[in-house]
Structure formats: C-alpha cells, structure tokens
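K.L.:
Enclosed is the structure file protein.txt (compact mmCIF, C-alpha atoms).
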```
# COMPACT_ATOMS: atom_id res chain seq x y z
CA MET A 1 101.98 119.27 93.67
CA ALA A 2 99.67 116.44 94.71
CA VAL A 3 101.19 112.95 94.95
CA VAL A 4 99.18 110.03 93.57
CA LEU A 5 99.70 106.28 93.63
CA VAL A 6 98.41 104.12 90.80
CA THR A 7 97.96 100.37 91.22
CA GLY A 8 97.73 98.40 87.99
CA ALA A 9 99.68 101.08 86.12
CA THR A 10 101.12 98.63 83.60
CA GLY A 11 97.68 97.52 82.39
CA PHE A 12 95.41 98.87 79.68
CA ILE A 13 93.36 101.34 81.71
CA GLY A 14 96.03 101.88 84.38
CA SER A 15 98.71 102.98 81.93
CA ASN A 16 96.35 105.46 80.31
CA VAL A 17 95.36 106.81 83.74
CA THR A 18 99.06 107.16 84.60
CA ARG A 19 99.80 109.11 81.43
CA ALA A 20 96.78 111.35 81.94
CA LEU A 21 97.85 112.13 85.52
CA ILE A 22 101.37 113.02 84.36
CA ASN A 23 99.93 115.31 81.68
CA LYS A 24 97.78 117.02 84.34
CA GLY A 25 100.84 117.77 86.45
CA TYR A 26 100.42 115.23 89.25
CA GLU A 27 103.46 113.59 90.85
CA VAL A 28 102.89 109.92 90.10
CA ARG A 29 103.98 106.79 91.92
CA ILE A 30 103.20 103.32 90.63
CA LEU A 31 103.01 100.00 92.44
CA LEU A 32 104.88 97.53 90.25
CA ARG A 33 105.01 93.76 90.55
CA LYS A 34 108.50 92.47 89.77
CA LYS A 35 107.12 90.06 87.14
CA ALA A 36 104.90 92.67 85.47
CA VAL A 37 105.17 93.47 81.77
CA THR A 38 106.41 97.07 81.81
CA LYS A 39 105.97 98.00 78.13
CA ASN A 40 103.21 100.52 78.93
CA VAL A 41 105.20 102.51 81.51
CA GLN A 42 108.72 102.43 80.12
CA GLY A 43 110.26 105.90 80.04
CA LEU A 44 107.48 107.57 82.02
CA PRO A 45 108.49 110.04 84.76
CA VAL A 46 107.11 108.01 87.67
CA GLU A 47 108.45 106.82 91.00
CA ILE A 48 108.39 103.03 91.18
CA PHE A 49 107.50 101.10 94.32
CA TYR A 50 107.83 97.35 93.94
CA GLY A 51 105.04 95.44 95.57
CA ASP A 52 101.66 93.80 95.19
CA ILE A 53 98.13 94.62 96.31
CA LEU A 54 98.13 91.29 98.17
CA ASP A 55 101.14 92.50 100.21
CA SER A 56 99.98 95.11 102.73
CA ASN A 57 103.51 96.06 103.76
CA SER A 58 104.41 97.07 100.22
CA LEU A 59 101.16 99.04 99.96
CA LEU A 60 101.87 100.93 103.18
CA LYS A 61 105.33 101.90 101.95
CA ALA A 62 103.99 103.07 98.60
CA MET A 63 101.19 105.10 100.19
CA LYS A 64 103.36 106.96 102.68
CA GLY A 65 103.01 110.67 101.87
CA VAL A 66 100.46 110.04 99.11
CA ASP A 67 97.47 112.35 98.65
CA TYR A 68 95.35 110.19 96.33
CA VAL A 69 95.22 106.56 95.24
CA PHE A 70 93.91 105.21 91.95
CA HIS A 71 93.16 101.54 92.52
CA VAL A 72 93.07 100.20 88.97
CA ALA A 73 94.77 96.84 89.54
CA ALA A 74 92.62 93.77 88.92
CA LEU A 75 92.83 90.33 87.39
CA PHE A 76 90.71 90.93 84.27
CA THR A 77 90.04 87.58 82.69
CA PHE A 78 87.04 85.44 81.81
CA TRP A 79 88.98 82.30 82.76
CA TYR A 80 91.76 81.31 85.13
CA PRO A 81 93.00 77.86 86.21
CA ASN A 82 92.24 78.77 89.82
CA ARG A 83 89.02 80.80 90.07
CA ASP A 84 89.66 81.52 93.74
CA PHE A 85 92.74 83.53 92.78
CA ILE A 86 90.55 85.94 90.78
CA TYR A 87 88.53 86.64 93.91
CA LYS A 88 91.70 86.89 96.00
CA VAL A 89 93.19 89.56 93.76
CA ASN A 90 90.03 91.51 93.01
CA VAL A 91 88.31 91.33 96.40
CA GLU A 92 91.01 90.76 99.02
CA GLY A 93 93.40 93.00 97.08
CA THR A 94 90.81 95.78 97.11
CA LYS A 95 90.32 95.32 100.86
CA ASN A 96 94.07 95.64 101.37
CA VAL A 97 94.23 98.85 99.33
CA MET A 98 91.32 100.41 101.24
CA THR A 99 92.73 99.35 104.62
CA CYS A 100 96.13 100.85 103.87
CA ALA A 101 94.60 104.03 102.46
CA LEU A 102 92.62 104.49 105.67
CA ARG A 103 95.69 103.84 107.83
CA THR A 104 97.95 106.24 105.94
CA GLY A 105 95.43 109.10 105.73
CA VAL A 106 94.97 109.13 101.95
CA LYS A 107 92.58 111.97 101.06
CA ARG A 108 90.64 110.14 98.33
CA VAL A 109 90.68 106.79 96.54
CA ILE A 110 89.38 106.25 93.01
CA HIS A 111 88.33 102.62 92.68
CA THR A 112 88.12 101.19 89.17
CA SER A 113 85.26 98.73 88.84
CA THR A 114 83.34 97.78 85.69
CA ALA A 115 80.01 98.79 84.20
CA GLY A 116 79.07 95.11 84.30
CA THR A 117 78.31 95.46 88.02
CA CYS A 118 75.38 97.67 87.01
CA GLY A 119 73.76 94.67 85.35
CA ALA A 120 72.22 94.33 81.90
CA LYS A 121 68.97 93.95 79.96
CA ILE A 122 67.76 91.22 77.60
CA THR A 123 66.47 93.68 74.99
CA PRO A 124 68.53 96.25 73.08
CA GLY A 125 66.02 99.06 73.60
CA GLU A 126 66.81 99.47 77.31
CA VAL A 127 69.82 100.89 79.15
CA VAL A 128 71.01 100.65 82.74
CA ASP A 129 72.46 103.32 85.00
CA GLU A 130 74.30 103.35 88.32
CA THR A 131 71.10 102.54 90.27
CA HIS A 132 70.29 99.34 88.39
CA PRO A 133 70.79 96.18 90.49
CA PHE A 134 73.43 93.65 89.53
CA ASN A 135 71.58 90.80 87.81
CA LEU A 136 74.34 88.76 86.16
CA GLN A 137 75.63 86.60 89.02
CA HIS A 138 73.98 83.53 87.54
CA ILE A 139 76.16 83.52 84.42
CA GLY A 140 79.05 82.46 86.64
CA ASP A 141 81.72 84.84 85.39
CA PRO A 142 84.37 84.98 88.15
CA TYR A 143 85.71 88.38 87.08
CA LEU A 144 82.33 90.09 87.02
CA ASN A 145 81.21 88.55 90.30
CA SER A 146 84.50 89.44 91.98
CA LYS A 147 84.15 93.08 90.92
CA PHE A 148 80.63 93.15 92.37
CA TYR A 149 81.95 91.92 95.72
CA ALA A 150 84.87 94.35 95.55
CA GLU A 151 82.39 97.22 95.31
CA LYS A 152 80.69 95.94 98.46
CA VAL A 153 84.07 96.06 100.20
CA VAL A 154 84.56 99.65 99.02
CA ARG A 155 81.18 100.71 100.42
CA GLU A 156 82.10 99.23 103.80
CA PHE A 157 85.16 101.47 103.90
CA VAL A 158 83.13 104.51 102.88
CA GLU A 159 81.00 103.85 105.96
CA LYS A 160 84.24 103.80 108.00
CA GLY A 161 85.05 107.31 106.77
CA LEU A 162 87.30 106.66 103.78
CA ASP A 163 86.65 108.99 100.83
CA VAL A 164 86.22 106.68 97.84
CA VAL A 165 84.69 107.30 94.42
CA ILE A 166 83.88 104.32 92.20
CA VAL A 167 84.19 104.52 88.42
CA ASN A 168 82.58 101.90 86.18
CA PRO A 169 84.20 101.82 82.72
CA THR A 170 82.54 99.98 79.88
CA THR A 171 84.63 98.23 77.18
CA PRO A 172 87.76 100.29 76.49
CA LEU A 173 89.48 100.52 73.12
CA GLY A 174 92.70 102.26 72.16
CA MET A 175 96.40 102.30 72.96
CA GLY A 176 98.10 99.99 75.45
CA ASP A 177 96.04 96.77 75.34
CA VAL A 178 99.20 94.85 76.11
CA LYS A 179 97.96 91.41 77.25
CA PRO A 180 95.48 91.90 75.44
CA THR A 181 92.24 92.15 77.44
CA PRO A 182 89.47 89.63 76.68
CA THR A 183 87.80 92.15 74.38
CA GLY A 184 91.11 92.99 72.73
CA PHE A 185 91.70 89.27 72.23
CA PHE A 186 88.55 88.96 70.06
CA PHE A 187 89.35 92.28 68.36
CA LEU A 188 92.79 90.95 67.43
CA LYS A 189 91.46 87.57 66.27
CA PHE A 190 89.04 89.40 63.98
CA LEU A 191 91.79 91.60 62.55
CA ASN A 192 93.99 88.58 61.92
CA GLY A 193 91.19 86.82 60.04
CA GLU A 194 90.81 84.04 62.61
CA ILE A 195 87.12 84.75 63.22
CA ARG A 196 84.60 86.08 60.75
CA GLY A 197 81.33 85.42 62.55
CA TYR A 198 79.72 87.20 65.48
CA LEU A 199 77.82 86.33 68.62
CA GLY A 200 74.59 87.81 69.90
CA GLY A 201 74.05 90.55 72.43
CA GLY A 202 75.70 93.92 72.62
CA GLY A 203 77.79 96.19 74.77
CA ASN A 204 79.09 99.68 75.27
CA PHE A 205 82.44 100.71 73.80
CA VAL A 206 84.60 103.68 74.74
CA ASN A 207 88.03 105.14 73.98
CA VAL A 208 90.38 104.23 76.83
CA LYS A 209 91.66 107.84 76.84
CA ASP A 210 88.14 108.97 77.76
CA VAL A 211 88.09 106.43 80.57
CA ALA A 212 91.40 107.80 81.86
CA GLU A 213 90.07 111.36 81.73
CA GLY A 214 86.95 110.17 83.57
CA HIS A 215 89.12 108.85 86.40
CA ILE A 216 90.67 112.27 86.92
CA LEU A 217 87.29 113.98 86.71
CA ALA A 218 86.06 111.58 89.40
CA LEU A 219 89.01 112.57 91.59
CA GLU A 220 88.41 116.27 91.14
CA LYS A 221 84.59 116.43 91.02
CA GLY A 222 83.13 113.10 92.13
CA LYS A 223 81.09 112.58 95.30
CA SER A 224 82.35 110.16 97.91
CA GLY A 225 80.50 106.87 97.93
CA GLU A 226 79.04 107.43 94.47
CA ARG A 227 79.77 105.47 91.32
CA TYR A 228 80.00 106.81 87.79
CA ILE A 229 79.65 104.88 84.54
CA LEU A 230 82.36 105.88 82.06
CA GLY A 231 80.89 104.80 78.74
CA GLY A 232 80.72 105.65 75.09
CA VAL A 233 78.48 104.06 72.46
CA ASN A 234 76.00 101.17 72.77
CA MET A 235 76.34 98.70 69.89
CA THR A 236 75.35 95.14 69.03
CA MET A 237 78.28 92.80 68.58
CA LYS A 238 77.47 92.59 64.90
CA ASP A 239 77.49 96.37 64.52
CA PHE A 240 80.71 96.66 66.49
CA PHE A 241 82.65 94.22 64.33
CA THR A 242 81.08 95.72 61.22
CA LYS A 243 82.50 99.08 62.31
CA VAL A 244 85.92 97.53 62.94
CA ALA A 245 85.80 95.95 59.48
CA GLU A 246 84.80 99.25 57.88
CA ILE A 247 87.69 101.13 59.50
CA ALA A 248 90.23 98.39 58.77
CA GLY A 249 89.01 97.83 55.22
CA LEU A 250 87.99 94.22 55.87
CA PRO A 251 84.85 92.31 54.85
CA PRO A 252 82.09 92.73 57.45
CA PRO A 253 80.98 89.71 59.50
CA VAL A 254 77.99 88.02 57.89
CA LEU A 255 77.42 84.86 59.94
CA LYS A 256 75.86 84.80 63.38
CA ILE A 257 77.49 81.84 65.12
CA PRO A 258 74.79 79.34 66.21
CA TYR A 259 74.52 79.17 70.00
CA PRO A 260 74.71 75.33 70.28
CA PHE A 261 77.87 75.28 68.19
CA ALA A 262 79.40 78.08 70.26
CA TRP A 263 78.48 76.25 73.50
CA LEU A 264 80.19 73.05 72.38
CA TYR A 265 83.25 74.99 71.28
CA ALA A 266 83.37 76.79 74.65
CA LEU A 267 83.34 73.41 76.44
CA TYR A 268 86.16 72.17 74.22
CA SER A 269 88.11 75.41 74.63
CA GLU A 270 87.88 75.35 78.43
CA ALA A 271 88.85 71.67 78.61
CA LYS A 272 91.85 72.29 76.36
CA ALA A 273 92.99 75.19 78.57
CA LEU A 274 93.08 72.90 81.61
CA PHE A 275 95.93 71.02 79.96
CA ASP A 276 97.54 74.02 78.25
CA ARG A 277 97.53 76.59 81.02
CA GLU A 278 99.73 79.03 79.14
CA ASN A 279 96.90 79.74 76.69
CA PRO A 280 93.44 80.79 77.91
CA PRO A 281 90.35 79.35 76.22
CA PHE A 282 89.26 81.02 73.01
CA LEU A 283 85.68 81.10 74.33
CA THR A 284 84.14 80.42 77.77
CA ARG A 285 80.65 79.38 78.77
CA SER A 286 80.20 82.35 81.10
CA PHE A 287 81.15 84.76 78.31
CA LEU A 288 78.72 82.98 76.02
CA LYS A 289 75.92 83.35 78.58
CA ALA A 290 76.62 87.10 78.66
CA THR A 291 75.93 87.30 74.92
CA GLY A 292 72.27 86.74 75.74
CA TYR A 293 72.23 90.21 77.30
CA TYR A 294 72.72 93.78 76.17
CA LEU A 295 75.16 95.57 78.42
CA TYR A 296 73.84 98.92 77.30
CA VAL A 297 74.41 101.83 79.67
CA THR A 298 74.00 105.56 80.00
CA HIS A 299 76.83 107.81 81.19
CA GLU A 300 74.45 110.71 81.85
CA LYS A 301 75.38 110.91 85.54
CA ALA A 302 79.09 111.24 84.77
CA SER A 303 78.35 113.87 82.15
CA LYS A 304 76.18 115.96 84.48
CA GLU A 305 78.23 115.67 87.67
CA LEU A 306 81.77 115.32 86.33
CA GLY A 307 81.66 116.99 82.93
CA TYR A 308 82.56 113.71 81.24
CA ILE A 309 82.29 113.84 77.43
CA PRO A 310 83.44 110.76 75.49
CA SER A 311 84.92 111.02 72.01
CA SER A 312 83.82 109.01 68.97
CA ILE A 313 84.26 105.26 69.11
CA GLU A 314 85.95 105.38 65.70
CA SER A 315 88.97 107.03 67.34
CA GLY A 316 89.30 104.19 69.84
CA ILE A 317 89.04 101.54 67.14
CA ARG A 318 91.67 103.26 64.98
CA GLU A 319 94.03 103.67 67.92
CA GLU A 320 93.66 100.03 68.94
CA ILE A 321 94.42 98.85 65.40
CA SER A 322 97.42 101.19 65.16
CA TRP A 323 98.76 100.08 68.55
CA PHE A 324 98.44 96.37 67.72
CA LEU A 325 100.16 97.04 64.41
CA LYS A 326 103.01 99.06 65.92
CA ASN A 327 103.66 96.49 68.64
CA GLY A 328 103.78 93.37 66.47
CA TYR A 329 100.43 91.75 67.28
CA ILE A 330 99.23 91.64 63.66
CA LYS A 331 100.02 88.73 61.33
CA GLU A 332 102.42 89.53 58.50
CA ASN A 333 99.91 89.38 55.62
CA MET A 334 97.40 91.51 57.52
CA GLU A 335 100.18 93.89 58.57
CA ARG A 336 100.98 94.62 54.94
CA PHE A 337 97.28 95.08 54.16
CA LEU A 338 96.70 97.53 57.04
CA LYS A 339 99.78 99.57 56.15
CA LEU A 340 98.44 99.94 52.61
CA LYS A 341 95.24 101.26 54.23
CA GLY A 342 97.22 103.98 55.96
CA PHE A 343 97.71 102.55 59.43
```
Any chance you could give the structure as structure tokens?

P.N.:
Amino acid sequence: MAVVLVTGATGFIGSNVTRALINKGYEVRILLRKKAVTKNVQGLPVEIFYGDILDSNSLLKAMKGVDYVFHVAALFTFWYPNRDFIYKVNVEGTKNVMTCALRTGVKRVIHTSTAGTCGAKITPGEVVDETHPFNLQHIGDPYLNSKFYAEKVVREFVEKGLDVVIVNPTTPLGMGDVKPTPTGFFFLKFLNGEIRGYLGGGGNFVNVKDVAEGHILALEKGKSGERYILGGVNMTMKDFFTKVAEIAGLPPPVLKIPYPFAWLYALYSEAKALFDRENPPFLTRSFLKATGYYLYVTHEKASKELGYIPSSIESGIREEISWFLKNGYIKENMERFLKLKGF
C-alpha cells in the first residue's frame, strides 16, 4: 500500500483530497499545525505528524518512508495584515516541501496551484488553457501572485530531477469550506441575505469532490512538469448567484453594484480591517480589479490526459449550502427557510 503525505489536509481542498485518498486505499499521513482547525479531519483514519511547511525538520520527519506528497497547503486569502507572510507561506513553504521531497526520495509530488496563474481574458467569449501566460500581476493580489511564483519554484525542482505534477483548480464548491474561503465568504453572505447585488466579470466553478478526484488522477496519470486545470463550468458572477438563488429558493440578484461605489467600499473595508485584524475586509481592491476579467478556462487537457470528468455545478452548490447549514454558518431565519426547502 502506497504511503502519501498531505499538507493542508484540514482545508477545503486538502480535506477532500485526504478523504478521496483514503477511499482509494492509500495509507495517508497529514501534516498538522498545532493551532489548525481540525473539524475536516476528525475521525479520519490518518497518521498525524505535527509540523508546518515553514519548518523543514517537521517536513523531513513526516516524509520519511513516504511514496507521494500532495502539497495542498497555502494561505488562501485576498487580504492579510502582513502581505509578506502570504509569500512566505506560499512560496518559501513550497520551496521547503520540494527540497524535503527531493532529499527523502519521494517518488512524485502533486502541487496544488490555482487556475488564476493561467491568466484571464477581458471578454466572456474567450477561455484560457495551461499555455496561456499569466497576465494578472498588475491587479496586486498577493495570493494570486504568490501562487505564480510558487509554480516557478516547482519548475526549478523539476529541472533538478524531482517528479512534480501541478494541478490548477478553479473555484471549488461543496463540503468542508471551513474558514470559509474567500469565495465561500461571498456565497455565505448571499445566503444570509447580507448581499443582494453582484459584481462584474466571471469565473469557473467546480465541485470540490471533482477537484479531489483530479488530484489523484494527476498522481496516477499526469506527466511530470505539466500542469492541469481542474475546472467545471464558466459563468458570469450574475449567472452564478442566480443559480445559487434558484437552488436555495431565494430571489435572484437584480442589481449590478456600481464600480465607483464598490471601490470606495473596498477602501473603507480594507482600512477598517487594519484596526480590526480578527475580521478580514468584506471587499478588497485587488479582488475588485479581478472583476474586470473573465477567468474562463478549459479543462480539455485534464480530460484527455487524465480522464478528468467534472460533475454538474448544481451538485457543488447544493453540497455547499447543506454543509454550511449542518455546521451552523447560516443565520437562524435563513436556516428555517432552507430546511423548509429540503436542505
């Protein structure tokens, strides 16, 4: 039985990857920070190694005797009080993982990036694939830029002889969005009736279970040094929230939020977060800049080379609503409403 190590196993994608690996019969280890929220991995048959991707000694201990590593850990946020820490975790942490994998003789590493590193278009009629150059550095999003540089680090280790496959998930939906992620944050605000408008642009949305399956397909069938977009359906933001409303039985969004108003609110939101560091800003300027683009992608390469076939986006939306409901994220009045709707 092959032994695998998962970093970031307590997170949204990482916990789903961990469950998928267990279901496939792999012997799973997880690298767990002592302060991590463990809701997503409680009760799972995994071997726990306490450590951090910024601590090479803990990585070396966890990787001893491991066949494969899934490096899913990352600081996924559109805002952080110290931007340098985002780069430290996502870039230096990745370098540490690759260095330790090379030293311990790991057979293959699956590196979780993001489809955002493939860039975007300004019109909804075009899509990008794995060959499209990254063209979003100028929006100043520290997470997106850090993931771009992390991929450069990965390629350097491929040149050194390490077998690494990169996977580029789009926007995941489903069970286990514990923090929640930035996308889950807006999803939840919409469900709770705190926002009823929508911003411009569009993106690609996928069930997180499909993303997890894509990770394993990349392990078993991917080519070293290649990257694979793990996507689902391209949708405008208006169409996405309209679909959420339809499934939840809520009124659809009707107002497109004016850009100048959103920009002023983003400034206010960021300034407020500087004084209240426990709560991230509701909206950031870099996120707002991204709404001028369509992060539309094709997962054709993953389908052809890996056999990747995503499910319907409706399943991911339903599972995300159900998970939020089950885990106490929904306001009381909306909770009663959703339960009457069968959730």

K.L.:
Near Arg227 of chain A, counting only C-alpha atoms, which residues have an atom at most 7 Å away, once you skip same-chain residues fewer than 4 positions from it, shown as a compact mmCIF listing (two decimals) with C-alpha atoms, keeping the file's coordinate frame?

P.N.:
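So around03.txt came out as:
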```txt
# COMPACT_ATOMS: atom_id res chain seq x y z
CA GLU A 130 74.30 103.35 88.32
CA VAL A 165 84.69 107.30 94.42
CA ILE A 166 83.88 104.32 92.20
CA VAL A 167 84.19 104.52 88.42
CA ASN A 168 82.58 101.90 86.18
```

K.L.:
Would you mind telling me which residue in A:Lys24, A:Gly174, A:Val41, A:Pro81 lies nearest to Phe275 of chain A when using only C-alpha atoms?

P.N.:
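Closest candidate: A:Pro81.
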
K.L.:
Might you pull out every residue within 12 Å of Asn96 of chain A, with only C-alpha atoms counted and same-chain residues fewer than 5 positions away left off, and present them as number ranges by chain?

P.N.:
A: 7, 52-60, 63, 71, 73, 88-91, 101-103, 150, 153-154, 157

K.L.:
Need to verify the contact set: Val109 of chain A, 7 Å, all atoms listed in the file, exclusion of same-chain residues closer than 6 positions in sequence. Can you return it as a PDB file with C-alpha atoms, in the frame of the given file?

P.N.:
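Wrote result.pdb, looks like this:
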```pdb
ATOM      1  CA  TYR A  68      95.350 110.190  96.330  1.00  0.00           C
ATOM      2  CA  VAL A  69      95.220 106.560  95.240  1.00  0.00           C
ATOM      3  CA  PHE A  70      93.910 105.210  91.950  1.00  0.00           C
ATOM      4  CA  ASP A 163      86.650 108.990 100.830  1.00  0.00           C
ATOM      5  CA  VAL A 164      86.220 106.680  97.840  1.00  0.00           C
ATOM      6  CA  VAL A 165      84.690 107.300  94.420  1.00  0.00           C
TER       7      VAL A 165
END
```

K.L.:
Quick one: residues within 10 Å of Ala36 of chain A, only C-alpha atoms counted, chain neighbours fewer than 5 positions away excluded, as an MDAnalysis selection string?

P.N.:
chainID A and resid 8:11

K.L.:
Find the residues near segment 113-122 of chain A: any atom within 9 Å, counting only C-alpha atoms, skip ones fewer than 3 places away on the same chain, and give them as an NGL selection string.

P.N.:
:A and (72 or 74 or 125-136 or 144-145 or 147-148 or 150-151 or 166-171 or 201 or 228-231 or 292-297)

K.L.:
Could you tell me how far atom CA of Lys209 of chain A sits from atom CA of Arg108 of chain A, in Å to one decimal place?

P.N.:
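Going from atom CA of Arg108 of chain A over to atom CA of Lys209 of chain A covers 21.6 Å.
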
K.L.:
Go through A:Leu31, A:Leu338, A:Leu288, A:Ala212 and flag the residue nearest Tyr308 of chain A, using all atoms listed in the file for the distances.

P.N.:
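Of all the options, A:Ala212 lies closest to Tyr308 of chain A.
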
K.L.:
Between atom CA of Val178 of chain A and atom CA of Phe12 of chain A, what is the distance, to one decimal in Å?

P.N.:
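Atom-to-atom, atom CA of Val178 of chain A to atom CA of Phe12 of chain A, that is 6.6 Å.
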
K.L.:
When distances are computed from all atoms listed in the file, which of A:Leu283, A:Ala273, A:Val46, A:Val4 shows the smallest separation from Asn82 of chain A?

P.N.:
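Of all the options, A:Ala273 lies closest to Asn82 of chain A.
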
K.L.:
Figure out the distance between atom CA of Gln137 of chain A and atom CA of Val208 of chain A, please, to one decimal in Å.

P.N.:
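So the answer is 26.0 Å.
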
K.L.:
So, with all atoms listed in the file as the atoms that count, which of A:Leu340, A:Ile216, A:Val206, A:Leu274 lies closest to Ser312 of chain A?

P.N.:
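Of the candidates, the smallest distance to Ser312 of chain A is held by A:Val206.
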
K.L.:
Which residue out of A:Ile139, A:Ser146, A:Tyr26, A:Phe185 has the minimum interatomic distance to Tyr87 of chain A when all atoms listed in the file are used?

P.N.:
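Nearest to Tyr87 of chain A: A:Ser146.
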
K.L.:
Name the residues within 6 Å of (86.5, 89.8, 84.6), counting only C-alpha atoms in the file's coordinates, and put them as a list in words.

P.N.:
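Result, sorted by chain then residue number: Phe76, Thr77, Phe78, Tyr143 and Leu144 of chain A.
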
K.L.:
Got time to write the residues from that selection, C-alpha atoms, as a PDB file, keeping the file's coordinate frame?

P.N.:
```pdb
ATOM      1  CA  PHE A  76      90.710  90.930  84.270  1.00  0.00           C
ATOM      2  CA  THR A  77      90.040  87.580  82.690  1.00  0.00           C
ATOM      3  CA  PHE A  78      87.040  85.440  81.810  1.00  0.00           C
ATOM      4  CA  TYR A 143      85.710  88.380  87.080  1.00  0.00           C
ATOM      5  CA  LEU A 144      82.330  90.090  87.020  1.00  0.00           C
TER       6      LEU A 144
END
```

K.L.:
Identify which of the residues A:Glu305, A:Asp84, A:Glu320, A:Glu314 lies closest to Glu226 of chain A, counting only C-alpha atoms when measuring atom-to-atom distances.

P.N.:
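The closest residue to Glu226 of chain A is A:Glu305.
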
K.L.:
In the coordinates of the file, take the point (102.4, 120.0, 93.3) and a cut-off of 12 Å; then, counting only C-alpha atoms, name each qualifying protein, DNA or RNA residue as a VMD selection string.

P.N.:
chain A and resid 1 to 4 21 to 22 24 to 28 66 to 67

K.L.:
What does the file look like for those residues with C-alpha atoms, as a PDB file, in the frame of the given file?

P.N.:
```pdb
ATOM      1  CA  MET A   1     101.980 119.270  93.670  1.00  0.00           C
ATOM      2  CA  ALA A   2      99.670 116.440  94.710  1.00  0.00           C
ATOM      3  CA  VAL A   3     101.190 112.950  94.950  1.00  0.00           C
ATOM      4  CA  VAL A   4      99.180 110.030  93.570  1.00  0.00           C
ATOM      5  CA  LEU A  21      97.850 112.130  85.520  1.00  0.00           C
ATOM      6  CA  ILE A  22     101.370 113.020  84.360  1.00  0.00           C
ATOM      7  CA  LYS A  24      97.780 117.020  84.340  1.00  0.00           C
ATOM      8  CA  GLY A  25     100.840 117.770  86.450  1.00  0.00           C
ATOM      9  CA  TYR A  26     100.420 115.230  89.250  1.00  0.00           C
ATOM     10  CA  GLU A  27     103.460 113.590  90.850  1.00  0.00           C
ATOM     11  CA  VAL A  28     102.890 109.920  90.100  1.00  0.00           C
ATOM     12  CA  VAL A  66     100.460 110.040  99.110  1.00  0.00           C
ATOM     13  CA  ASP A  67      97.470 112.350  98.650  1.00  0.00           C
TER      14      ASP A  67
END
```

K.L.:
Generate the coordinates of N, CA and C atoms for segment 14-29 of chain A; report them as a PDB file, keeping the file's coordinate frame.

P.N.:
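Below is the file out06.pdb, written as the result:
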```pdb
ATOM      1  N   GLY A  14      95.086 101.276  83.431  1.00  0.00           N
ATOM      2  CA  GLY A  14      96.030 101.880  84.380  1.00  0.00           C
ATOM      3  C   GLY A  14      97.116 102.698  83.726  1.00  0.00           C
ATOM      4  N   SER A  15      97.648 102.222  82.605  1.00  0.00           N
ATOM      5  CA  SER A  15      98.710 102.980  81.930  1.00  0.00           C
ATOM      6  C   SER A  15      98.179 104.271  81.343  1.00  0.00           C
ATOM      7  N   ASN A  16      96.950 104.236  80.849  1.00  0.00           N
ATOM      8  CA  ASN A  16      96.350 105.460  80.310  1.00  0.00           C
ATOM      9  C   ASN A  16      96.008 106.451  81.426  1.00  0.00           C
ATOM     10  N   VAL A  17      95.584 105.947  82.577  1.00  0.00           N
ATOM     11  CA  VAL A  17      95.360 106.810  83.740  1.00  0.00           C
ATOM     12  C   VAL A  17      96.675 107.450  84.168  1.00  0.00           C
ATOM     13  N   THR A  18      97.739 106.653  84.200  1.00  0.00           N
ATOM     14  CA  THR A  18      99.060 107.160  84.600  1.00  0.00           C
ATOM     15  C   THR A  18      99.521 108.279  83.684  1.00  0.00           C
ATOM     16  N   ARG A  19      99.397 108.076  82.387  1.00  0.00           N
ATOM     17  CA  ARG A  19      99.800 109.110  81.430  1.00  0.00           C
ATOM     18  C   ARG A  19      98.952 110.374  81.581  1.00  0.00           C
ATOM     19  N   ALA A  20      97.658 110.197  81.787  1.00  0.00           N
ATOM     20  CA  ALA A  20      96.780 111.350  81.940  1.00  0.00           C
ATOM     21  C   ALA A  20      97.131 112.148  83.192  1.00  0.00           C
ATOM     22  N   LEU A  21      97.462 111.458  84.274  1.00  0.00           N
ATOM     23  CA  LEU A  21      97.850 112.130  85.520  1.00  0.00           C
ATOM     24  C   LEU A  21      99.147 112.921  85.324  1.00  0.00           C
ATOM     25  N   ILE A  22     100.105 112.326  84.638  1.00  0.00           N
ATOM     26  CA  ILE A  22     101.370 113.020  84.360  1.00  0.00           C
ATOM     27  C   ILE A  22     101.105 114.280  83.546  1.00  0.00           C
ATOM     28  N   ASN A  23     100.256 114.150  82.529  1.00  0.00           N
ATOM     29  CA  ASN A  23      99.930 115.310  81.680  1.00  0.00           C
ATOM     30  C   ASN A  23      99.217 116.412  82.449  1.00  0.00           C
ATOM     31  N   LYS A  24      98.507 116.035  83.525  1.00  0.00           N
ATOM     32  CA  LYS A  24      97.780 117.020  84.340  1.00  0.00           C
ATOM     33  C   LYS A  24      98.676 117.652  85.409  1.00  0.00           C
ATOM     34  N   GLY A  25      99.913 117.163  85.507  1.00  0.00           N
ATOM     35  CA  GLY A  25     100.840 117.770  86.450  1.00  0.00           C
ATOM     36  C   GLY A  25     100.930 117.107  87.811  1.00  0.00           C
ATOM     37  N   TYR A  26     100.323 115.934  87.980  1.00  0.00           N
ATOM     38  CA  TYR A  26     100.420 115.230  89.250  1.00  0.00           C
ATOM     39  C   TYR A  26     101.778 114.531  89.360  1.00  0.00           C
ATOM     40  N   GLU A  27     102.250 114.374  90.588  1.00  0.00           N
ATOM     41  CA  GLU A  27     103.460 113.590  90.850  1.00  0.00           C
ATOM     42  C   GLU A  27     103.008 112.143  91.031  1.00  0.00           C
ATOM     43  N   VAL A  28     103.463 111.264  90.169  1.00  0.00           N
ATOM     44  CA  VAL A  28     102.890 109.920  90.100  1.00  0.00           C
ATOM     45  C   VAL A  28     103.858 108.853  90.619  1.00  0.00           C
ATOM     46  N   ARG A  29     103.314 108.012  91.499  1.00  0.00           N
ATOM     47  CA  ARG A  29     103.980 106.790  91.920  1.00  0.00           C
ATOM     48  C   ARG A  29     103.211 105.608  91.338  1.00  0.00           C
TER      49      ARG A  29
END
```
